[in-house]
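Engineer: Below is the file model.pdb, which contains PDB, C-alpha atoms, pLDDT in the B column.
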```pdb
MODEL        1
ATOM      1  CA  MET A   1      11.546 -37.309  40.252  1.00 85.00           C
ATOM      2  CA  LEU A   2      13.629 -40.094  38.731  1.00 88.00           C
ATOM      3  CA  THR A   3      12.573 -43.722  39.084  1.00 91.00           C
ATOM      4  CA  GLY A   4      14.828 -46.290  40.731  1.00 93.00           C
ATOM      5  CA  ARG A   5      15.864 -47.581  37.306  1.00 93.00           C
ATOM      6  CA  GLU A   6      16.768 -44.084  36.181  1.00 92.00           C
ATOM      7  CA  ILE A   7      18.806 -43.526  39.348  1.00 93.00           C
ATOM      8  CA  ARG A   8      20.718 -46.751  38.620  1.00 95.00           C
ATOM      9  CA  ALA A   9      21.339 -45.706  35.012  1.00 93.00           C
ATOM     10  CA  PHE A  10      22.553 -42.280  36.168  1.00 91.00           C
ATOM     11  CA  ARG A  11      24.859 -43.865  38.784  1.00 92.00           C
ATOM     12  CA  GLU A  12      26.267 -46.353  36.279  1.00 94.00           C
ATOM     13  CA  LEU A  13      26.727 -43.624  33.672  1.00 92.00           C
ATOM     14  CA  ARG A  14      28.892 -41.811  36.220  1.00 91.00           C
ATOM     15  CA  GLY A  15      30.865 -45.020  36.823  1.00 91.00           C
ATOM     16  CA  LEU A  16      29.951 -45.226  40.502  1.00 92.00           C
ATOM     17  CA  SER A  17      29.344 -48.308  42.633  1.00 94.00           C
ATOM     18  CA  LEU A  18      26.490 -48.790  45.066  1.00 94.00           C
ATOM     19  CA  ARG A  19      29.059 -48.621  47.859  1.00 94.00           C
ATOM     20  CA  GLN A  20      30.384 -45.226  46.742  1.00 91.00           C
ATOM     21  CA  VAL A  21      26.923 -43.672  46.590  1.00 92.00           C
ATOM     22  CA  ALA A  22      25.893 -45.286  49.884  1.00 92.00           C
ATOM     23  CA  LYS A  23      28.977 -43.862  51.581  1.00 90.00           C
ATOM     24  CA  PHE A  24      28.033 -40.310  50.594  1.00 87.00           C
ATOM     25  CA  CYS A  25      24.400 -40.888  51.671  1.00 88.00           C
ATOM     26  CA  THR A  26      25.393 -42.627  54.916  1.00 88.00           C
ATOM     27  CA  VAL A  27      23.122 -45.554  54.124  1.00 91.00           C
ATOM     28  CA  SER A  28      23.909 -49.161  53.212  1.00 94.00           C
ATOM     29  CA  PRO A  29      24.690 -50.253  49.660  1.00 96.00           C
ATOM     30  CA  GLN A  30      21.827 -52.742  50.040  1.00 97.00           C
ATOM     31  CA  TYR A  31      19.421 -49.878  50.650  1.00 95.00           C
ATOM     32  CA  ILE A  32      20.574 -48.082  47.490  1.00 95.00           C
ATOM     33  CA  GLY A  33      20.147 -51.332  45.565  1.00 96.00           C
ATOM     34  CA  GLN A  34      16.627 -51.756  46.924  1.00 97.00           C
ATOM     35  CA  VAL A  35      15.761 -48.200  45.928  1.00 95.00           C
ATOM     36  CA  GLU A  36      17.112 -48.815  42.420  1.00 95.00           C
ATOM     37  CA  THR A  37      15.056 -51.998  42.045  1.00 96.00           C
ATOM     38  CA  GLU A  38      12.070 -50.179  43.547  1.00 94.00           C
ATOM     39  CA  GLN A  39      11.758 -52.608  46.466  1.00 96.00           C
ATOM     40  CA  LYS A  40      11.967 -49.722  48.943  1.00 91.00           C
ATOM     41  CA  PRO A  41       9.911 -46.540  48.780  1.00 89.00           C
ATOM     42  CA  LEU A  42      11.891 -43.397  48.240  1.00 86.00           C
ATOM     43  CA  ALA A  43      11.207 -40.337  50.381  1.00 85.00           C
ATOM     44  CA  TYR A  44      12.056 -36.955  48.895  1.00 88.00           C
ATOM     45  CA  ASP A  45      14.888 -36.334  51.392  1.00 89.00           C
ATOM     46  CA  THR A  46      16.510 -39.663  50.525  1.00 87.00           C
ATOM     47  CA  TYR A  47      16.043 -38.990  46.820  1.00 90.00           C
ATOM     48  CA  ARG A  48      17.742 -35.612  47.199  1.00 91.00           C
ATOM     49  CA  ASP A  49      20.620 -37.200  49.130  1.00 92.00           C
ATOM     50  CA  ILE A  50      21.143 -39.906  46.494  1.00 92.00           C
ATOM     51  CA  ILE A  51      21.185 -37.430  43.602  1.00 90.00           C
ATOM     52  CA  GLN A  52      23.531 -35.137  45.508  1.00 91.00           C
ATOM     53  CA  ALA A  53      25.743 -38.103  46.435  1.00 88.00           C
ATOM     54  CA  ILE A  54      26.005 -39.221  42.806  1.00 87.00           C
ATOM     55  CA  ASN A  55      27.124 -35.750  41.800  1.00 84.00           C
ATOM     56  CA  LEU A  56      29.580 -35.352  44.714  1.00 74.00           C
ATOM     57  CA  ALA A  57      31.026 -38.831  44.262  1.00 63.00           C
ATOM     58  CA  THR A  58      31.591 -38.085  40.575  1.00 63.00           C
ATOM     59  CA  VAL A  59      33.527 -34.929  41.462  1.00 59.00           C
ATOM     60  CA  GLU A  60      35.655 -36.848  44.000  1.00 60.00           C
ATOM     61  CA  LYS A  61      36.278 -39.664  41.524  1.00 61.00           C
ATOM     62  CA  ASN A  62      37.433 -37.172  38.894  1.00 65.00           C
ATOM     63  CA  LYS A  63      39.817 -35.544  41.402  1.00 65.00           C
ATOM     64  CA  GLU A  64      41.340 -38.926  42.309  1.00 68.00           C
ATOM     65  CA  SER A  65      41.984 -39.846  38.675  1.00 69.00           C
ATOM     66  CA  LYS A  66      44.010 -36.687  37.995  1.00 65.00           C
TER
ENDMDL
END
```
Would you write the structure of this file as structure tokens?

Structural biologist:
Amino acid sequence: MLTGREIRAFRELRGLSLRQVAKFCTVSPQYIGQVETEQKPLAYDTYRDIIQAINLATVEKNKESK
């Protein structure tokens, strides 16, 4: 399981904002930020949703840029 810092690095590497990932996860951008700074504990289901959201948001972003 990735740490909050690793999740942030992965999200930034993909060029995604907190807001974009939060939208796909149906949580607030503040919550994603708190997970990334390890202020909030991360349940497996939420972790799975965040990783999936980063991947889906990247696909959508690539479609929009074409």

Engineer: Would you kindly return, as a PyMOL selection string, each protein, DNA or RNA residue with an atom no farther than 7 Å from any atom of region 28-42 of chain A, considering all atoms listed in the file and excluding same-chain residues fewer than 5 positions away?

Structural biologist: chain A and resi 4-5+7-8+18-19+22+47

Engineer: Save out the residues we just selected, C-alpha atoms, as a PDB file, in the coordinates of the input.

Structural biologist:
```
ATOM      1  CA  GLY A   4      14.828 -46.290  40.731  1.00 93.00           C
ATOM      2  CA  ARG A   5      15.864 -47.581  37.306  1.00 93.00           C
ATOM      3  CA  ILE A   7      18.806 -43.526  39.348  1.00 93.00           C
ATOM      4  CA  ARG A   8      20.718 -46.751  38.620  1.00 95.00           C
ATOM      5  CA  LEU A  18      26.490 -48.790  45.066  1.00 94.00           C
ATOM      6  CA  ARG A  19      29.059 -48.621  47.859  1.00 94.00           C
ATOM      7  CA  ALA A  22      25.893 -45.286  49.884  1.00 92.00           C
ATOM      8  CA  TYR A  47      16.043 -38.990  46.820  1.00 90.00           C
TER       9      TYR A  47
END
```

Engineer: How far is it from CA of Ser17 (chain A) to CA of Tyr44 (chain A), in Å with one decimal?

Structural biologist: 21.6 Å

Engineer: Which residue gives the smallest distance to Thr26 (chain A) among A:Leu2, A:Ala53, A:Leu13, A:Ala43, with all atoms listed in the file counted?

Structural biologist: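 Checking each candidate against Thr26 (chain A), we get A:Ala53 as the closest.
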
Engineer: Could you check the closest approach to Gln52 (chain A) for each of A:Cys25, A:Met1, A:Gly15, A:Ala9 and tell me which residue wins, using only C-alpha atoms?

Structural biologist: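 Checking each candidate against Gln52 (chain A), we get A:Cys25 as the closest.
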
Engineer: Between CA of Phe10 (chain A) and CA of Ile51 (chain A), what is the distance, to one decimal in Å?

Structural biologist: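 The value is 9.0 Å.
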
Engineer: Might I get the box with edges along x, y and z of the file that holds all atoms of region 32-45 of chain A listed there, padded by 8 Å on every side, given as centre and edge lengths in Å to one decimal, as JSON?

Structural biologist:
```
{"center_x": 15.2, "center_y": -44.5, "center_z": 46.7, "size_x": 26.7, "size_y": 32.3, "size_z": 25.3}
```
